[in-house]
$ cat input.txt   # compact mmCIF, C-alpha atoms (C1' of nucleotides)
# COMPACT_ATOMS: atom_id res chain seq x y z
CA MET A 1484 4.80 10.27 3.10
CA PRO A 1485 7.73 7.86 2.89
CA TYR A 1486 10.43 8.50 5.47
CA ALA A 1487 12.93 9.88 2.99
CA SER A 1488 10.66 12.73 1.95
CA PHE A 1489 10.44 14.18 5.44
CA ALA A 1490 13.52 16.11 4.41
CA SER A 1491 11.11 18.41 2.61
CA MET A 1492 8.49 18.47 5.32
CA PRO A 1493 7.34 22.04 5.93
CA CYS A 1494 7.93 21.95 9.66
CA THR A 1495 10.85 23.18 11.71
CA LEU A 1496 10.45 20.36 14.18
CA GLY A 1497 9.71 17.65 11.63
CA ARG A 1498 12.78 18.20 9.47
CA PRO A 1499 15.31 18.03 12.30
CA ALA A 1500 13.44 15.07 13.77
CA ALA A 1501 13.69 13.23 10.46
CA LEU A 1502 17.34 14.13 9.99
CA LEU A 1503 18.46 13.08 13.46
CA GLY A 1504 15.97 10.23 13.56
CA GLU A 1505 17.89 8.01 11.15
CA ARG A 1506 19.52 5.05 12.76
CA TRP A 1507 23.04 5.83 14.09
CA THR A 1508 22.83 9.59 13.61
CA LEU A 1509 22.19 10.52 17.25
CA LEU A 1510 24.83 8.07 18.43
CA LEU A 1511 27.25 9.51 15.91
CA LEU A 1512 26.58 13.01 17.21
CA ARG A 1513 27.12 11.81 20.76
CA GLN A 1514 30.56 10.52 19.77
CA ILE A 1515 31.35 13.78 18.04
CA PHE A 1516 30.39 15.85 21.06
CA LEU A 1517 32.60 13.57 23.14
CA GLY A 1518 35.50 14.38 20.84
CA THR A 1519 35.67 11.65 18.22
CA ARG A 1520 36.71 13.07 14.87
CA ARG A 1521 38.15 10.37 12.65
CA PHE A 1522 36.56 7.72 10.53
CA GLU A 1523 38.48 4.87 12.11
CA ASP A 1524 37.62 6.05 15.59
CA PHE A 1525 33.91 6.22 14.88
CA GLN A 1526 34.08 2.81 13.33
CA ALA A 1527 35.96 1.33 16.26
CA THR A 1528 33.96 2.86 19.11
CA MET A 1529 30.51 2.33 17.66
CA GLU A 1530 30.93 -0.83 15.59
CA ILE A 1531 28.86 0.73 12.86
CA SER A 1532 29.38 -0.75 9.41
CA ARG A 1533 31.78 1.28 7.28
CA SER A 1534 29.32 1.88 4.48
CA VAL A 1535 26.61 3.21 6.78
CA LEU A 1536 29.16 5.36 8.57
CA THR A 1537 30.21 6.85 5.24
CA ASP A 1538 26.60 7.57 4.41
CA ARG A 1539 25.74 9.22 7.73
CA LEU A 1540 28.85 11.37 7.72
CA ASN A 1541 28.03 12.49 4.19
CA VAL A 1542 24.48 13.41 5.14
CA LEU A 1543 25.74 15.48 8.06
CA LEU A 1544 28.33 17.13 5.80
CA GLN A 1545 25.67 17.96 3.24
CA GLU A 1546 23.40 19.41 5.91
CA GLY A 1547 26.26 21.56 7.14
CA VAL A 1548 26.34 19.98 10.59
CA LEU A 1549 29.88 18.69 10.07
CA LYS A 1550 32.85 19.87 8.05
CA ARG A 1551 35.99 18.08 6.90
CA VAL A 1552 39.10 19.76 8.20
CA PRO A 1553 42.65 18.89 7.08
CA TYR A 1554 45.20 18.11 9.79
CA HIS A 1555 48.70 16.70 9.94
CA ASP A 1556 49.51 13.27 11.22
CA GLU A 1557 53.21 12.34 11.08
CA GLY A 1558 53.80 14.57 8.11
CA ARG A 1559 50.79 13.37 6.17
CA THR A 1560 47.75 15.46 5.43
CA ARG A 1561 44.54 13.84 6.55
CA HIS A 1562 41.01 15.00 7.22
CA GLU A 1563 38.89 14.93 10.30
CA TYR A 1564 35.20 15.56 10.87
CA ARG A 1565 34.36 18.51 13.06
CA LEU A 1566 31.23 20.31 14.07
CA THR A 1567 30.30 23.50 12.30
CA GLU A 1568 28.56 26.25 14.24
CA LYS A 1569 25.27 24.74 13.09
CA GLY A 1570 26.45 21.42 14.47
CA ARG A 1571 27.66 22.83 17.78
CA GLU A 1572 24.25 24.36 18.29
CA LEU A 1573 22.80 20.89 18.50
CA TYR A 1574 24.29 20.89 21.98
CA PRO A 1575 20.96 21.66 23.67
CA VAL A 1576 19.44 18.63 21.94
CA MET A 1577 22.19 16.38 23.29
CA MET A 1578 21.96 17.91 26.75
CA ALA A 1579 18.19 17.55 26.78
CA LEU A 1580 18.63 13.86 25.96
CA ARG A 1581 21.18 13.51 28.69
CA THR A 1582 19.16 15.39 31.29
CA TRP A 1583 16.26 13.07 30.49
CA GLY A 1584 18.47 9.99 30.53
CA GLU A 1585 19.89 10.93 33.93
CA LYS A 1586 16.43 11.20 35.40
CA TRP A 1587 14.64 8.34 33.69
CA MET A 1588 17.14 5.82 32.38
CA SER A 1589 20.07 5.82 34.75
CA THR A 1590 21.37 2.62 36.30
CA GLU A 1591 24.04 1.68 38.79
CA GLU A 1592 26.43 0.60 36.08
CA ASP A 1593 26.47 3.85 34.16
CA GLU A 1594 29.97 5.00 33.50
CA SER A 1595 28.91 8.26 32.11
CA PHE A 1596 31.14 11.26 32.07
CA HIS A 1597 30.61 14.28 34.27
CA LEU A 1598 29.86 17.65 32.80
CA HIS A 1599 30.53 20.92 34.49
CA HIS A 1600 30.60 24.60 33.78
CA ARG A 1601 34.22 25.64 33.19
CA ASP A 1602 33.77 28.93 35.02
CA CYS A 1603 32.02 27.88 38.20
CA GLY A 1604 32.16 24.10 38.25
CA GLY A 1605 28.36 23.77 38.43
CA GLY A 1606 26.27 21.05 36.81
CA VAL A 1607 24.61 21.22 33.42
CA ARG A 1608 21.00 20.74 32.46
CA ALA A 1609 18.66 21.49 29.60
CA LYS A 1610 15.44 23.36 30.08
CA VAL A 1611 12.70 25.13 28.16
CA GLU A 1612 11.94 28.72 28.98
CA CYS A 1613 9.66 31.55 28.01
CA THR A 1614 11.46 34.17 25.93
CA ASP A 1615 9.40 36.92 27.56
CA CYS A 1616 9.03 36.19 31.24
CA GLY A 1617 11.87 33.68 31.56
CA ALA A 1618 9.76 31.08 33.37
CA GLU A 1619 10.70 27.44 32.96
CA LEU A 1620 8.07 25.71 30.84
CA SER A 1621 6.73 22.19 30.57
CA ALA A 1622 4.54 20.84 27.77
CA ARG A 1623 1.45 21.86 29.73
CA ASP A 1624 2.47 25.48 30.00
CA VAL A 1625 2.68 25.84 26.25
CA GLN A 1626 -0.16 26.47 23.85
CA VAL A 1627 0.09 25.22 20.27
CA THR A 1628 -1.66 27.18 17.53
CA ALA A 1629 -1.56 26.90 13.77
CA ARG A 1630 0.54 29.62 12.16
CA SER A 1631 -1.66 32.52 11.10
CA MET B 969 28.35 -3.21 19.28
CA PRO B 970 25.39 -3.83 17.00
CA TYR B 971 22.74 -1.13 17.13
CA ALA B 972 20.24 -3.23 19.05
CA SER B 973 22.53 -3.67 22.02
CA PHE B 974 22.86 0.04 22.67
CA ALA B 975 19.80 -0.45 24.84
CA SER B 976 22.22 -1.77 27.45
CA MET B 977 24.92 0.83 26.87
CA PRO B 978 26.16 2.17 30.20
CA CYS B 979 25.65 5.81 29.33
CA THR B 980 22.80 8.15 30.14
CA LEU B 981 23.17 9.94 26.84
CA GLY B 982 23.81 6.84 24.73
CA ARG B 983 20.72 4.93 25.79
CA PRO B 984 18.23 7.71 25.08
CA ALA B 985 20.06 8.45 21.84
CA ALA B 986 19.71 4.84 20.74
CA LEU B 987 16.06 4.66 21.81
CA LEU B 988 14.98 7.86 20.05
CA GLY B 989 17.39 7.28 17.20
CA GLU B 990 15.38 4.51 15.59
CA ARG B 991 13.70 5.49 12.38
CA TRP B 992 10.23 7.02 12.94
CA THR B 993 10.53 7.35 16.71
CA LEU B 994 11.25 11.08 16.82
CA LEU B 995 8.59 11.78 14.22
CA LEU B 996 6.17 9.69 16.21
CA LEU B 997 6.92 11.70 19.34
CA ARG B 998 6.43 14.91 17.41
CA GLN B 999 2.94 13.75 16.44
CA ILE B 1000 2.20 12.77 20.01
CA PHE B 1001 3.25 16.16 21.37
CA LEU B 1002 1.02 17.74 18.72
CA GLY B 1003 -1.89 15.75 20.09
CA THR B 1004 -2.18 12.61 17.97
CA ARG B 1005 -3.25 9.67 20.09
CA ARG B 1006 -4.79 6.98 17.94
CA PHE B 1007 -3.30 4.28 15.80
CA GLU B 1008 -5.25 5.25 12.71
CA ASP B 1009 -4.30 8.90 13.10
CA PHE B 1010 -0.59 8.15 13.35
CA GLN B 1011 -0.87 5.93 10.34
CA ALA B 1012 -2.73 8.51 8.31
CA THR B 1013 -0.66 11.57 9.17
CA MET B 1014 2.77 9.97 8.89
CA GLU B 1015 2.23 7.29 6.26
CA ILE B 1016 4.27 4.90 8.34
CA SER B 1017 3.64 1.24 7.64
CA ARG B 1018 1.25 -0.35 10.09
CA SER B 1019 3.66 -3.03 11.21
CA VAL B 1020 6.45 -0.58 12.01
CA LEU B 1021 3.99 1.71 13.78
CA THR B 1022 2.92 -1.22 15.95
CA ASP B 1023 6.53 -1.97 16.74
CA ARG B 1024 7.50 1.60 17.65
CA LEU B 1025 4.45 2.13 19.82
CA ASN B 1026 5.22 -1.11 21.65
CA VAL B 1027 8.82 -0.06 22.27
CA LEU B 1028 7.65 3.27 23.70
CA LEU B 1029 5.07 1.47 25.84
CA GLN B 1030 7.72 -0.90 27.14
CA GLU B 1031 10.05 1.95 27.96
CA GLY B 1032 7.26 3.68 29.83
CA VAL B 1033 7.21 6.72 27.55
CA LEU B 1034 3.63 6.02 26.47
CA LYS B 1035 0.65 4.37 28.13
CA ARG B 1036 -2.54 2.93 26.68
CA VAL B 1037 -5.59 4.62 28.09
CA PRO B 1038 -9.16 3.43 27.51
CA TYR B 1039 -11.67 5.94 26.23
CA HIS B 1040 -15.20 5.88 24.90
CA ASP B 1041 -16.07 6.42 21.28
CA GLU B 1042 -19.76 6.19 20.45
CA GLY B 1043 -20.39 3.78 23.27
CA ARG B 1044 -17.42 1.59 22.43
CA THR B 1045 -14.36 1.21 24.60
CA ARG B 1046 -11.17 1.87 22.71
CA HIS B 1047 -7.60 2.68 23.66
CA GLU B 1048 -5.44 5.64 22.91
CA TYR B 1049 -1.73 6.25 23.35
CA ARG B 1050 -0.80 9.02 25.74
CA LEU B 1051 2.41 10.31 27.23
CA THR B 1052 3.38 9.23 30.70
CA GLU B 1053 5.22 11.68 32.93
CA LYS B 1054 8.45 10.16 31.64
CA GLY B 1055 7.22 10.82 28.13
CA ARG B 1056 6.10 14.38 28.83
CA GLU B 1057 9.55 15.13 30.13
CA LEU B 1058 10.93 14.56 26.66
CA TYR B 1059 9.51 17.99 25.95
CA PRO B 1060 12.88 19.73 26.27
CA VAL B 1061 14.30 17.35 23.66
CA MET B 1062 11.54 18.24 21.22
CA MET B 1063 11.87 21.94 21.95
CA ALA B 1064 15.62 21.80 21.52
CA LEU B 1065 15.09 20.22 18.12
CA ARG B 1066 12.58 22.88 17.21
CA THR B 1067 14.68 25.76 18.45
CA TRP B 1068 17.52 24.41 16.31
CA GLY B 1069 15.23 23.85 13.33
CA GLU B 1070 13.90 27.41 13.55
CA LYS B 1071 17.39 28.81 13.43
CA TRP B 1072 19.10 26.47 10.97
CA MET B 1073 16.51 24.73 8.85
CA SER B 1074 13.62 27.10 8.41
CA THR B 1075 12.29 27.96 4.96
CA GLU B 1076 9.65 30.28 3.54
CA GLU B 1077 7.17 27.45 3.12
CA ASP B 1078 7.16 26.28 6.71
CA GLU B 1079 3.67 25.96 8.04
CA SER B 1080 4.79 25.26 11.50
CA PHE B 1081 2.64 25.90 14.45
CA HIS B 1082 3.26 28.69 16.91
CA LEU B 1083 4.05 27.98 20.50
CA HIS B 1084 3.48 30.35 23.34
CA HIS B 1085 3.48 30.45 27.08
CA ARG B 1086 -0.12 30.19 28.30
CA ASP B 1087 0.41 32.68 31.08
CA CYS B 1088 2.20 35.53 29.35
CA GLY B 1089 2.00 34.75 25.62
CA GLY B 1090 5.78 34.76 25.21
CA GLY B 1091 7.79 32.53 22.87
CA VAL B 1092 9.39 29.23 23.76
CA ARG B 1093 12.97 28.11 23.44
CA ALA B 1094 15.28 25.42 24.74
CA LYS B 1095 18.56 26.23 26.44
CA VAL B 1096 21.29 24.69 28.50
CA GLU B 1097 22.13 26.25 31.83
CA CYS B 1098 24.46 25.88 34.75
CA THR B 1099 22.69 24.45 37.78
CA ASP B 1100 24.83 26.59 40.09
CA CYS B 1101 25.24 30.02 38.56
CA GLY B 1102 22.35 29.84 36.08
CA ALA B 1103 24.45 31.00 33.12
CA GLU B 1104 23.41 29.84 29.68
CA LEU B 1105 25.97 27.33 28.40
CA SER B 1106 27.24 26.26 25.00
CA ALA B 1107 29.34 23.19 24.26
CA ARG B 1108 32.48 25.26 24.78
CA ASP B 1109 31.55 26.33 28.27
CA VAL B 1110 31.29 22.76 29.45
CA GLN B 1111 34.09 20.49 30.52
CA VAL B 1112 33.76 16.74 30.10
CA THR B 1113 35.49 14.45 32.58
CA ALA B 1114 35.32 10.72 33.12
CA ARG B 1115 33.27 9.80 36.16
CA SER B 1116 35.48 9.38 39.18
C1' DG C 616 -29.39 -13.74 14.41
C1' DT C 617 -26.59 -11.92 10.89
C1' DA C 618 -24.65 -8.73 7.86
C1' DG C 619 -21.91 -4.69 7.77
C1' DC C 620 -18.80 -1.18 9.58
C1' DT C 621 -14.68 0.52 12.01
C1' DG C 622 -10.51 0.82 14.66
C1' DA C 623 -6.60 -1.74 15.63
C1' DG C 624 -3.68 -4.59 14.73
C1' DT C 625 -1.15 -9.13 12.09
C1' DT C 626 0.70 -11.51 8.10
C1' DC C 627 3.51 -12.03 4.24
C1' DG C 628 6.03 -11.37 -0.14
C1' DA C 629 8.79 -7.61 -2.19
C1' DA C 630 11.92 -3.71 -1.72
C1' DA C 631 15.22 -1.05 0.81
C1' DA C 632 18.67 -0.52 4.33
C1' DA C 633 22.23 -2.32 7.17
C1' DC C 634 25.88 -5.66 7.82
C1' DG C 635 30.60 -7.25 7.38
C1' DA C 636 34.38 -9.05 5.00
C1' DA C 637 37.22 -8.15 1.19
C1' DC C 638 39.01 -4.92 -1.92
C1' DG C 639 41.01 -0.25 -3.69
C1' DC C 640 43.81 3.61 -3.25
C1' DA C 641 46.73 7.39 -2.08
C1' DA C 642 50.48 9.08 0.92
C1' DG C 643 54.37 8.30 3.28
C1' DG C 644 58.20 5.18 5.23
C1' DA C 645 61.64 1.23 5.12
C1' DT D 1384 59.89 -1.56 -4.57
C1' DC D 1385 57.18 -3.09 -1.02
C1' DC D 1386 54.73 -2.23 3.34
C1' DT D 1387 51.67 0.26 6.37
C1' DT D 1388 47.78 3.34 7.55
C1' DG D 1389 43.63 5.85 7.14
C1' DC D 1390 39.62 6.14 4.54
C1' DG D 1391 36.64 4.79 1.99
C1' DT D 1392 34.00 1.39 -1.86
C1' DT D 1393 32.06 -3.03 -3.35
C1' DC D 1394 29.26 -6.79 -3.03
C1' DG D 1395 26.73 -10.76 -1.38
C1' DT D 1396 23.95 -11.78 2.86
C1' DT D 1397 20.89 -10.59 6.63
C1' DT D 1398 17.67 -7.47 8.79
C1' DT D 1399 14.17 -3.80 8.41
C1' DT D 1400 10.76 -1.59 6.20
C1' DC D 1401 7.02 -1.41 3.01
C1' DG D 1402 2.27 -1.98 1.54
C1' DA D 1403 -1.57 -4.55 0.44
C1' DA D 1404 -4.47 -8.00 2.18
C1' DC D 1405 -6.23 -10.30 6.02
C1' DT D 1406 -8.05 -10.96 10.91
C1' DC D 1407 -10.64 -9.90 14.81
C1' DA D 1408 -13.55 -7.74 18.27
C1' DG D 1409 -17.22 -4.60 19.35
C1' DC D 1410 -20.93 -2.32 18.04
C1' DT D 1411 -25.20 -0.90 14.64
C1' DA D 1412 -28.78 -1.79 11.55
C1' DC D 1413 -31.85 -4.89 9.69
$ encode --input "input.txt" --output "structure tokens"
Amino acid sequence: MPYASFASMPCTLGRPAALLGERWTLLLLRQIFLGTRRFEDFQATMEISRSVLTDRLNVLLQEGVLKRVPYHDEGRTRHEYRLTEKGRELYPVMMALRTWGEKWMSTEEDESFHLHHRDCGGGVRAKVECTDCGAELSARDVQVTARS
Amino acid sequence: MPYASFASMPCTLGRPAALLGERWTLLLLRQIFLGTRRFEDFQATMEISRSVLTDRLNVLLQEGVLKRVPYHDEGRTRHEYRLTEKGRELYPVMMALRTWGEKWMSTEEDESFHLHHRDCGGGVRAKVECTDCGAELSARDVQVTARS
DNA sequence: GTAGCTGAGTTCGAAAAACGAACGCAAGGA
DNA sequence: TCCTTGCGTTCGTTTTTCGAACTCAGCTAC
């Protein structure tokens, strides 16, 4: 199966993995969650080539992860890229990456931002839990079976 | 910043995003979490080219996400690729992708596997929570500030 | 010994994707 | 009218990926 055709892979983990697994897409989403919204700003902060940036934004628009929203800049109407609800719900994916990065890839020089809960000021972390008993789960606590 | 140099990006979300954001890497991890361990099996199930597969496996070995473990096959010593603890802890990332895929990308034809908690049989989902009060958090509940 | 098989790569020419500099274009301002 | 700005598009070059063929080591059968 060539990479491109994973878009039609009959698997709810495979399709997102293929979508977000294209070069630049995860980094683009990181920028978006950090507040970047305009073409020029993506281009400047990531040094991605303009043509690839156009392509990735279009893919995310088509998938409904982003939407183009008009706004006013000195009287002119322009558009910015913003997360849809579908896009905002990728937050756990980003936080899981960050939680992992904090534990396994952090260095002295990291300038990373701090995240905290608006209401109580606490820290933020991703976890996997059982929908029934609420226990926190690791890969070893979970059984995989083919769909019946 | 060219894509390759994101490996040295001073950000605990950026570096993992760049690492897992290379083409094939997320799909490769999906296979690994589903139990694939051998070169030939990756190659057969994903139809990735052999040279790229070699490269991606080597990157994950170098990063300490995978390890090569000897095993015996009909008297012969061979090696298989297995997750390290660092690798296993990517589980929340995979589950976050799947939780998102279930909600936003599922179709009638999906043949996806079922996951359940070994102890109680319950379902599995990823979430983000506050380390202090334990509340479940969305992007809007979290404040981003530059590190002081 | 040697011929064959198998898993795990390596090599290499062709195709696809990414790069980056230049160009296009529409809206507003001088 | 001409200039600037934001947002792309184009196009020739470089880098990645592809895929088929090749290599190699360890074993089995003869």
$ closest_residue --input "input.txt" --among "A:Thr1614, A:Ser1621, A:Gln1526, A:Thr1567" --to "chain D" --atoms "only C-alpha atoms (C1' of nucleotides)"
A:Gln1526
$ closest_residue --input "input.txt" --among "B:Ser973, B:Thr993, B:Phe1010, B:Val1020" --to "chain D" --atoms "all atoms listed in the file"
B:Val1020
$ calpha_fit_and_write --input "input.txt" --fixed "chain B" --moving "chain A" --output "mmCIF file with C-alpha atoms, keeping the file's coordinate frame"
data_model
loop_
_atom_site.group_PDB
_atom_site.id
_atom_site.type_symbol
_atom_site.label_atom_id
_atom_site.label_comp_id
_atom_site.auth_asym_id
_atom_site.auth_seq_id
_atom_site.Cartn_x
_atom_site.Cartn_y
_atom_site.Cartn_z
ATOM 1 C CA MET A 1484 28.379 -3.174 19.292
ATOM 2 C CA PRO A 1485 25.391 -3.831 17.039
ATOM 3 C CA TYR A 1486 22.755 -1.112 17.155
ATOM 4 C CA ALA A 1487 20.242 -3.177 19.084
ATOM 5 C CA SER A 1488 22.557 -3.629 22.050
ATOM 6 C CA PHE A 1489 22.875 0.086 22.706
ATOM 7 C CA ALA A 1490 19.821 -0.432 24.869
ATOM 8 C CA SER A 1491 22.249 -1.748 27.459
ATOM 9 C CA MET A 1492 24.920 0.850 26.883
ATOM 10 C CA PRO A 1493 26.163 2.190 30.215
ATOM 11 C CA CYS A 1494 25.641 5.825 29.331
ATOM 12 C CA THR A 1495 22.788 8.159 30.142
ATOM 13 C CA LEU A 1496 23.170 9.952 26.847
ATOM 14 C CA GLY A 1497 23.800 6.860 24.740
ATOM 15 C CA ARG A 1498 20.703 4.942 25.801
ATOM 16 C CA PRO A 1499 18.223 7.726 25.069
ATOM 17 C CA ALA A 1500 20.052 8.478 21.827
ATOM 18 C CA ALA A 1501 19.698 4.856 20.752
ATOM 19 C CA LEU A 1502 16.062 4.676 21.799
ATOM 20 C CA LEU A 1503 14.983 7.862 20.044
ATOM 21 C CA GLY A 1504 17.408 7.287 17.194
ATOM 22 C CA GLU A 1505 15.393 4.499 15.584
ATOM 23 C CA ARG A 1506 13.726 5.469 12.376
ATOM 24 C CA TRP A 1507 10.250 7.018 12.915
ATOM 25 C CA THR A 1508 10.537 7.356 16.685
ATOM 26 C CA LEU A 1509 11.266 11.095 16.793
ATOM 27 C CA LEU A 1510 8.593 11.779 14.195
ATOM 28 C CA LEU A 1511 6.160 9.686 16.190
ATOM 29 C CA LEU A 1512 6.934 11.696 19.313
ATOM 30 C CA ARG A 1513 6.433 14.914 17.383
ATOM 31 C CA GLN A 1514 2.947 13.749 16.402
ATOM 32 C CA ILE A 1515 2.200 12.783 19.973
ATOM 33 C CA PHE A 1516 3.263 16.155 21.322
ATOM 34 C CA LEU A 1517 1.041 17.744 18.687
ATOM 35 C CA GLY A 1518 -1.883 15.741 20.029
ATOM 36 C CA THR A 1519 -2.164 12.598 17.934
ATOM 37 C CA ARG A 1520 -3.233 9.659 20.064
ATOM 38 C CA ARG A 1521 -4.776 6.942 17.935
ATOM 39 C CA PHE A 1522 -3.287 4.264 15.778
ATOM 40 C CA GLU A 1523 -5.242 5.235 12.690
ATOM 41 C CA ASP A 1524 -4.291 8.867 13.073
ATOM 42 C CA PHE A 1525 -0.592 8.125 13.324
ATOM 43 C CA GLN A 1526 -0.869 5.879 10.334
ATOM 44 C CA ALA A 1527 -2.727 8.463 8.290
ATOM 45 C CA THR A 1528 -0.640 11.529 9.130
ATOM 46 C CA MET A 1529 2.770 9.919 8.863
ATOM 47 C CA GLU A 1530 2.239 7.226 6.234
ATOM 48 C CA ILE A 1531 4.293 4.850 8.309
ATOM 49 C CA SER A 1532 3.675 1.175 7.621
ATOM 50 C CA ARG A 1533 1.283 -0.410 10.107
ATOM 51 C CA SER A 1534 3.703 -3.071 11.254
ATOM 52 C CA VAL A 1535 6.485 -0.601 12.005
ATOM 53 C CA LEU A 1536 4.019 1.670 13.763
ATOM 54 C CA THR A 1537 2.942 -1.235 15.957
ATOM 55 C CA ASP A 1538 6.551 -1.973 16.773
ATOM 56 C CA ARG A 1539 7.510 1.604 17.650
ATOM 57 C CA LEU A 1540 4.451 2.131 19.808
ATOM 58 C CA ASN A 1541 5.231 -1.092 21.650
ATOM 59 C CA VAL A 1542 8.818 -0.048 22.277
ATOM 60 C CA LEU A 1543 7.660 3.278 23.689
ATOM 61 C CA LEU A 1544 5.067 1.488 25.836
ATOM 62 C CA GLN A 1545 7.697 -0.893 27.151
ATOM 63 C CA GLU A 1546 10.049 1.974 27.947
ATOM 64 C CA GLY A 1547 7.263 3.705 29.832
ATOM 65 C CA VAL A 1548 7.211 6.733 27.545
ATOM 66 C CA LEU A 1549 3.633 6.029 26.463
ATOM 67 C CA LYS A 1550 0.654 4.381 28.107
ATOM 68 C CA ARG A 1551 -2.547 2.945 26.666
ATOM 69 C CA VAL A 1552 -5.593 4.649 28.082
ATOM 70 C CA PRO A 1553 -9.182 3.450 27.540
ATOM 71 C CA TYR A 1554 -11.699 5.985 26.239
ATOM 72 C CA HIS A 1555 -15.227 5.908 24.895
ATOM 73 C CA ASP A 1556 -16.091 6.436 21.284
ATOM 74 C CA GLU A 1557 -19.814 6.184 20.475
ATOM 75 C CA GLY A 1558 -20.407 3.780 23.305
ATOM 76 C CA ARG A 1559 -17.462 1.558 22.498
ATOM 77 C CA THR A 1560 -14.390 1.216 24.643
ATOM 78 C CA ARG A 1561 -11.197 1.885 22.760
ATOM 79 C CA HIS A 1562 -7.630 2.708 23.683
ATOM 80 C CA GLU A 1563 -5.455 5.650 22.909
ATOM 81 C CA TYR A 1564 -1.741 6.257 23.333
ATOM 82 C CA ARG A 1565 -0.793 9.013 25.723
ATOM 83 C CA LEU A 1566 2.395 10.315 27.204
ATOM 84 C CA THR A 1567 3.365 9.255 30.684
ATOM 85 C CA GLU A 1568 5.204 11.702 32.916
ATOM 86 C CA LYS A 1569 8.436 10.177 31.631
ATOM 87 C CA GLY A 1570 7.206 10.834 28.113
ATOM 88 C CA ARG A 1571 6.091 14.398 28.795
ATOM 89 C CA GLU A 1572 9.544 15.147 30.116
ATOM 90 C CA LEU A 1573 10.918 14.569 26.656
ATOM 91 C CA TYR A 1574 9.493 18.001 25.931
ATOM 92 C CA PRO A 1575 12.871 19.739 26.255
ATOM 93 C CA VAL A 1576 14.288 17.361 23.644
ATOM 94 C CA MET A 1577 11.513 18.257 21.206
ATOM 95 C CA MET A 1578 11.843 21.959 21.947
ATOM 96 C CA ALA A 1579 15.603 21.823 21.520
ATOM 97 C CA LEU A 1580 15.064 20.236 18.103
ATOM 98 C CA ARG A 1581 12.558 22.885 17.218
ATOM 99 C CA THR A 1582 14.668 25.782 18.453
ATOM 100 C CA TRP A 1583 17.499 24.433 16.308
ATOM 101 C CA GLY A 1584 15.220 23.858 13.334
ATOM 102 C CA GLU A 1585 13.885 27.412 13.542
ATOM 103 C CA LYS A 1586 17.378 28.825 13.423
ATOM 104 C CA TRP A 1587 19.069 26.497 10.969
ATOM 105 C CA MET A 1588 16.488 24.732 8.838
ATOM 106 C CA SER A 1589 13.604 27.113 8.379
ATOM 107 C CA THR A 1590 12.260 27.965 4.944
ATOM 108 C CA GLU A 1591 9.616 30.255 3.537
ATOM 109 C CA GLU A 1592 7.151 27.432 3.113
ATOM 110 C CA ASP A 1593 7.150 26.260 6.702
ATOM 111 C CA GLU A 1594 3.666 25.945 8.031
ATOM 112 C CA SER A 1595 4.774 25.268 11.495
ATOM 113 C CA PHE A 1596 2.613 25.929 14.473
ATOM 114 C CA HIS A 1597 3.253 28.716 16.935
ATOM 115 C CA LEU A 1598 4.053 27.992 20.529
ATOM 116 C CA HIS A 1599 3.490 30.363 23.367
ATOM 117 C CA HIS A 1600 3.491 30.466 27.114
ATOM 118 C CA ARG A 1601 -0.115 30.199 28.324
ATOM 119 C CA ASP A 1602 0.445 32.685 31.131
ATOM 120 C CA CYS A 1603 2.229 35.522 29.386
ATOM 121 C CA GLY A 1604 2.004 34.758 25.688
ATOM 122 C CA GLY A 1605 5.798 34.774 25.257
ATOM 123 C CA GLY A 1606 7.794 32.557 22.914
ATOM 124 C CA VAL A 1607 9.394 29.246 23.783
ATOM 125 C CA ARG A 1608 12.974 28.122 23.456
ATOM 126 C CA ALA A 1609 15.277 25.438 24.764
ATOM 127 C CA LYS A 1610 18.547 26.236 26.426
ATOM 128 C CA VAL A 1611 21.291 24.680 28.519
ATOM 129 C CA GLU A 1612 22.148 26.238 31.832
ATOM 130 C CA CYS A 1613 24.474 25.850 34.763
ATOM 131 C CA THR A 1614 22.696 24.427 37.803
ATOM 132 C CA ASP A 1615 24.848 26.564 40.097
ATOM 133 C CA CYS A 1616 25.270 29.990 38.581
ATOM 134 C CA GLY A 1617 22.380 29.826 36.114
ATOM 135 C CA ALA A 1618 24.463 30.983 33.146
ATOM 136 C CA GLU A 1619 23.432 29.818 29.699
ATOM 137 C CA LEU A 1620 25.982 27.314 28.420
ATOM 138 C CA SER A 1621 27.235 26.260 25.018
ATOM 139 C CA ALA A 1622 29.341 23.184 24.266
ATOM 140 C CA ARG A 1623 32.490 25.246 24.781
ATOM 141 C CA ASP A 1624 31.558 26.315 28.275
ATOM 142 C CA VAL A 1625 31.287 22.737 29.441
ATOM 143 C CA GLN A 1626 34.095 20.465 30.524
ATOM 144 C CA VAL A 1627 33.750 16.706 30.083
ATOM 145 C CA THR A 1628 35.493 14.414 32.557
ATOM 146 C CA ALA A 1629 35.317 10.686 33.099
ATOM 147 C CA ARG A 1630 33.250 9.750 36.141
ATOM 148 C CA SER A 1631 35.496 9.291 39.161
#
$ interface_residues --input "input.txt" --of "chain D" --to "chain B" --cutoff "8 Å" --atoms "all atoms listed in the file" --output "mmCIF file with C-alpha atoms (C1' of nucleotides), in the coordinates of the input"
data_model
loop_
_atom_site.group_PDB
_atom_site.id
_atom_site.type_symbol
_atom_site.label_atom_id
_atom_site.label_comp_id
_atom_site.auth_asym_id
_atom_site.auth_seq_id
_atom_site.Cartn_x
_atom_site.Cartn_y
_atom_site.Cartn_z
ATOM 1 C "C1'" DT D 1400 10.760 -1.590 6.200
ATOM 2 C "C1'" DC D 1401 7.020 -1.410 3.010
ATOM 3 C "C1'" DG D 1402 2.270 -1.980 1.540
ATOM 4 C "C1'" DG D 1409 -17.220 -4.600 19.350
ATOM 5 C "C1'" DC D 1410 -20.930 -2.320 18.040
#
$ interface_residues --input "input.txt" --of "chain B" --to "chain C" --cutoff "10 Å" --atoms "all atoms listed in the file" --output "PyMOL selection string"
chain B and resi 970+1006-1008+1018-1019+1021-1022+1046-1047
